[in-house]
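Peer 1: Pasting in a structure now, in structure tokens, and then I'll have a few things to ask.
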Amino acid sequence: MKKALFILSILFISMSYGQEVKQVPQVNVNGEGKVKVVPDQATIAVTVETKGNNAKDVKKQNDEKIEAVIKFIKKMNLAPADYKTQRVALNPQYDYEKKKHSYNATQTIEILLRDLSKYDELMEGLVDQGINRIDNVTFQSSKLAQYQSEARKLAMKEAKLKAEDYVSVLGQKVGRAMTISDNSQTFYPQPMYSAMKTMERSDADAPRETLAVGEINITANVTVSFILE
């Protein structure tokens with residue numbers, strides 16, 4: 001019985017080695033899809049920073065300014081879900097020359113502004129209430145998912161067109177896709193904005209413009225392997 005099993009194993013191995021591994025002809029290409037969109041929203045990160053020699057007093061001053069900032073934000077009728085405290089810190093700092101400690105308190109609030117026409121009013125009010133640092137302003141679209149879908153479709157179309165260009169001179173055709181890899185990353189440009197407290201206007205009645213909105217590029221990148229027929 002053992003001898004018979006041994007002979008069958010040898011025959012199976014011989015047949016396996018005798019079979020040729022068929023290579024499936026493929027073409028690998030990259031595709032990019034890009035959709036340009038005028039942003040209709042902005043995420044704004046602003047900070048109140050206070051300094052002093054007494055930790056308790058520094059924190060109290062910072063809290064008072066933040067309280068005024070939050071009251072102003074509420075007056076702007078922003079939804080409660082559209083603003084939040086992002087970061088709170090109270091740090092000691094040592095002056096080696098004077099050989100004494102000081103303290104630095106910061107609180108950062110992140111705001112989602114859904115109406116960019118209110119940008120100037122919001123930023124001026126924040127500065128008036130104690131904001132002394134603008135950390136970041138990021139443009140975005142409320143229809144991001146829709147535009148990302150459009151960009152992905154454009155990326156796939158470009159990939160297929162590239163594959164067809166490559167094989168057209170070979171007398172072959174592009175078949176079904178074997179693999180698809182999504183290499184997309186989302187980047188948002190930063191706006192140009194002016195310091196509202198120091199900006200001078202030649203015409204006091206002219207509307208103030210302190211940032212250039214421009215456009216954002218929503219991009220999708222794919223790598224596709226097509227079978228050649």
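Letters A, B, ... mark the chains of the structure tokens in the order given; residue numbers begin at 1 per chain; ligand numbers begin at 1, in order shown.
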If you count only C-alpha atoms, which residues fall within 9 Å of stretch 33-39 of chain A, apart from same-chain ones fewer than 2 positions away, as a ChimeraX atom specification?
Peer 2: /A:31,41-42,116,139-142,147-148,150-158,213-222
Peer 1: Tell me, as an MDAnalysis selection string, which residues lie within 9 Å of A:Gln93, counting only C-alpha atoms; anything in the same chain fewer than 5 positions away does not count.
Peer 2: chainID A and resid 100:104
Peer 1: Between A:Phe72, A:Gln172, A:Asp57, A:Val224, which is the closest to A:Glu124 once you count only C-alpha atoms?
Peer 2: A:Phe72
Peer 1: When distances are computed from only C-alpha atoms, which of A:Ala55, A:Ile111, A:Ile44, A:Val137 shows the smallest separation from A:Ala81?
Peer 2: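 Among the listed residues, the smallest separation from A:Ala81 belongs to A:Ile111.
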Peer 1: Could you write out, as a list in words, all the residues of stretch 34-92 of chain A that DSSP marks as strand (DSSP E)?
Peer 2: Lys34, Val35, Lys36, Val37, Gln41, Ala42, Thr43, Ile44, Ala45, Val46, Thr47, Val48, Glu49, Thr50, Lys51, Gly52, Tyr83, Lys84, Thr85, Gln86, Arg87, Val88, Ala89, Leu90, Asn91 and Pro92 of chain A
Peer 1: Take the residues just selected and output them with N, CA, C and O atoms as an mmCIF file, in the first residue's frame.
Peer 2:
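See result_8.cif below for the written result:
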```cif
data_model
loop_
_atom_site.group_PDB
_atom_site.id
_atom_site.type_symbol
_atom_site.label_atom_id
_atom_site.label_comp_id
_atom_site.auth_asym_id
_atom_site.auth_seq_id
_atom_site.Cartn_x
_atom_site.Cartn_y
_atom_site.Cartn_z
ATOM 1 N N LYS A 34 -8.703 65.115 -12.245
ATOM 2 C CA LYS A 34 -8.627 66.356 -11.482
ATOM 3 C C LYS A 34 -9.896 67.174 -11.711
ATOM 4 O O LYS A 34 -10.322 67.383 -12.848
ATOM 5 N N VAL A 35 -10.494 67.627 -10.609
ATOM 6 C CA VAL A 35 -11.684 68.467 -10.665
ATOM 7 C C VAL A 35 -11.376 69.766 -9.939
ATOM 8 O O VAL A 35 -10.970 69.747 -8.767
ATOM 9 N N LYS A 36 -11.547 70.900 -10.623
ATOM 10 C CA LYS A 36 -11.312 72.212 -10.016
ATOM 11 C C LYS A 36 -12.623 72.755 -9.462
ATOM 12 O O LYS A 36 -13.630 72.769 -10.154
ATOM 13 N N VAL A 37 -12.568 73.191 -8.204
ATOM 14 C CA VAL A 37 -13.778 73.610 -7.507
ATOM 15 C C VAL A 37 -13.524 74.924 -6.765
ATOM 16 O O VAL A 37 -12.459 75.102 -6.166
ATOM 17 N N GLN A 41 -16.467 76.716 1.803
ATOM 18 C CA GLN A 41 -16.308 76.630 3.253
ATOM 19 C C GLN A 41 -14.840 76.831 3.621
ATOM 20 O O GLN A 41 -13.953 76.738 2.775
ATOM 21 N N ALA A 42 -14.602 77.113 4.902
ATOM 22 C CA ALA A 42 -13.231 77.212 5.392
ATOM 23 C C ALA A 42 -13.181 76.722 6.830
ATOM 24 O O ALA A 42 -14.099 76.980 7.616
ATOM 25 N N THR A 43 -12.124 76.005 7.157
ATOM 26 C CA THR A 43 -11.857 75.629 8.542
ATOM 27 C C THR A 43 -10.760 76.549 9.069
ATOM 28 O O THR A 43 -9.692 76.659 8.464
ATOM 29 N N ILE A 44 -11.055 77.239 10.171
ATOM 30 C CA ILE A 44 -10.173 78.274 10.700
ATOM 31 C C ILE A 44 -9.734 77.891 12.114
ATOM 32 O O ILE A 44 -10.572 77.590 12.964
ATOM 33 N N ALA A 45 -8.437 77.889 12.348
ATOM 34 C CA ALA A 45 -7.902 77.623 13.684
ATOM 35 C C ALA A 45 -7.283 78.907 14.216
ATOM 36 O O ALA A 45 -6.349 79.455 13.612
ATOM 37 N N VAL A 46 -7.804 79.412 15.345
ATOM 38 C CA VAL A 46 -7.322 80.662 15.933
ATOM 39 C C VAL A 46 -6.980 80.432 17.400
ATOM 40 O O VAL A 46 -7.548 79.558 18.053
ATOM 41 N N THR A 47 -6.057 81.245 17.906
ATOM 42 C CA THR A 47 -5.543 81.031 19.259
ATOM 43 C C THR A 47 -5.485 82.320 20.055
ATOM 44 O O THR A 47 -5.150 83.381 19.518
ATOM 45 N N VAL A 48 -5.810 82.196 21.343
ATOM 46 C CA VAL A 48 -5.544 83.261 22.318
ATOM 47 C C VAL A 48 -4.299 82.861 23.088
ATOM 48 O O VAL A 48 -4.235 81.766 23.658
ATOM 49 N N GLU A 49 -3.305 83.741 23.090
ATOM 50 C CA GLU A 49 -2.053 83.468 23.795
ATOM 51 C C GLU A 49 -1.792 84.584 24.799
ATOM 52 O O GLU A 49 -1.832 85.768 24.445
ATOM 53 N N THR A 50 -1.552 84.226 26.046
ATOM 54 C CA THR A 50 -1.237 85.209 27.086
ATOM 55 C C THR A 50 0.027 84.793 27.820
ATOM 56 O O THR A 50 0.312 83.597 27.963
ATOM 57 N N LYS A 51 0.776 85.809 28.299
ATOM 58 C CA LYS A 51 2.030 85.540 28.989
ATOM 59 C C LYS A 51 2.094 86.356 30.274
ATOM 60 O O LYS A 51 1.484 87.429 30.382
ATOM 61 N N GLY A 52 2.830 85.852 31.255
ATOM 62 C CA GLY A 52 2.989 86.561 32.511
ATOM 63 C C GLY A 52 3.834 85.779 33.481
ATOM 64 O O GLY A 52 4.295 84.669 33.182
ATOM 65 N N TYR A 83 -17.947 74.743 15.883
ATOM 66 C CA TYR A 83 -16.768 75.293 16.563
ATOM 67 C C TYR A 83 -16.474 74.460 17.808
ATOM 68 O O TYR A 83 -17.375 73.940 18.452
ATOM 69 N N LYS A 84 -15.188 74.333 18.100
ATOM 70 C CA LYS A 84 -14.781 73.506 19.247
ATOM 71 C C LYS A 84 -13.394 73.928 19.724
ATOM 72 O O LYS A 84 -12.590 74.473 18.953
ATOM 73 N N THR A 85 -13.123 73.681 20.995
ATOM 74 C CA THR A 85 -11.785 73.900 21.540
ATOM 75 C C THR A 85 -10.887 72.772 21.056
ATOM 76 O O THR A 85 -11.158 71.600 21.287
ATOM 77 N N GLN A 86 -9.825 73.157 20.392
ATOM 78 C CA GLN A 86 -8.932 72.162 19.797
ATOM 79 C C GLN A 86 -7.749 71.834 20.709
ATOM 80 O O GLN A 86 -7.292 70.695 20.778
ATOM 81 N N ARG A 87 -7.268 72.859 21.425
ATOM 82 C CA ARG A 87 -6.069 72.632 22.227
ATOM 83 C C ARG A 87 -6.016 73.648 23.365
ATOM 84 O O ARG A 87 -6.338 74.828 23.192
ATOM 85 N N VAL A 88 -5.592 73.215 24.562
ATOM 86 C CA VAL A 88 -5.409 74.069 25.730
ATOM 87 C C VAL A 88 -4.045 73.759 26.327
ATOM 88 O O VAL A 88 -3.695 72.589 26.510
ATOM 89 N N ALA A 89 -3.263 74.814 26.655
ATOM 90 C CA ALA A 89 -1.930 74.571 27.208
ATOM 91 C C ALA A 89 -1.535 75.704 28.149
ATOM 92 O O ALA A 89 -1.894 76.862 27.939
ATOM 93 N N LEU A 90 -0.807 75.336 29.196
ATOM 94 C CA LEU A 90 -0.202 76.292 30.121
ATOM 95 C C LEU A 90 1.210 75.792 30.394
ATOM 96 O O LEU A 90 1.406 74.762 31.047
ATOM 97 N N ASN A 91 2.197 76.524 29.896
ATOM 98 C CA ASN A 91 3.574 76.040 29.948
ATOM 99 C C ASN A 91 4.494 77.014 30.681
ATOM 100 O O ASN A 91 4.442 78.234 30.424
ATOM 101 N N PRO A 92 5.348 76.503 31.584
ATOM 102 C CA PRO A 92 6.357 77.363 32.223
ATOM 103 C C PRO A 92 7.518 77.612 31.267
ATOM 104 O O PRO A 92 7.878 76.747 30.468
#
```
Peer 1: Could you pull the residues within 12 Å of A:Lys74, counting only C-alpha atoms, minus those fewer than 4 positions along the same chain, as a list in words?
Peer 2: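 Counting only C-alpha atoms, the residues come to Glu67, Ala68, Val69, Ile70, Leu78, Ala79, Pro80, Ala81, Asp82, Tyr83, Lys84, Ile111, Leu122, Gly125 and Leu126 of chain A.
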Peer 1: Separation of atom CA of A:Val169 and atom CA of A:Ser181, in Å?
Peer 2: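 Taking atom CA of A:Val169 as the start and atom CA of A:Ser181 as the end point, the length is 26.0 Å.
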Peer 1: Could you check the closest approach to A:Asp135 for each of A:Ser117, A:Ser149, A:Asn183, A:Gln107 and tell me which residue wins, using only C-alpha atoms?
Peer 2: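 Of the candidates, the smallest distance to A:Asp135 is held by A:Gln107.
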Peer 1: In stretch 61-223 of chain A, what's alpha helix (DSSP H) per DSSP? Answer as a ChimeraX atom specification?
Peer 2: /A:61-75,119-128,144-168
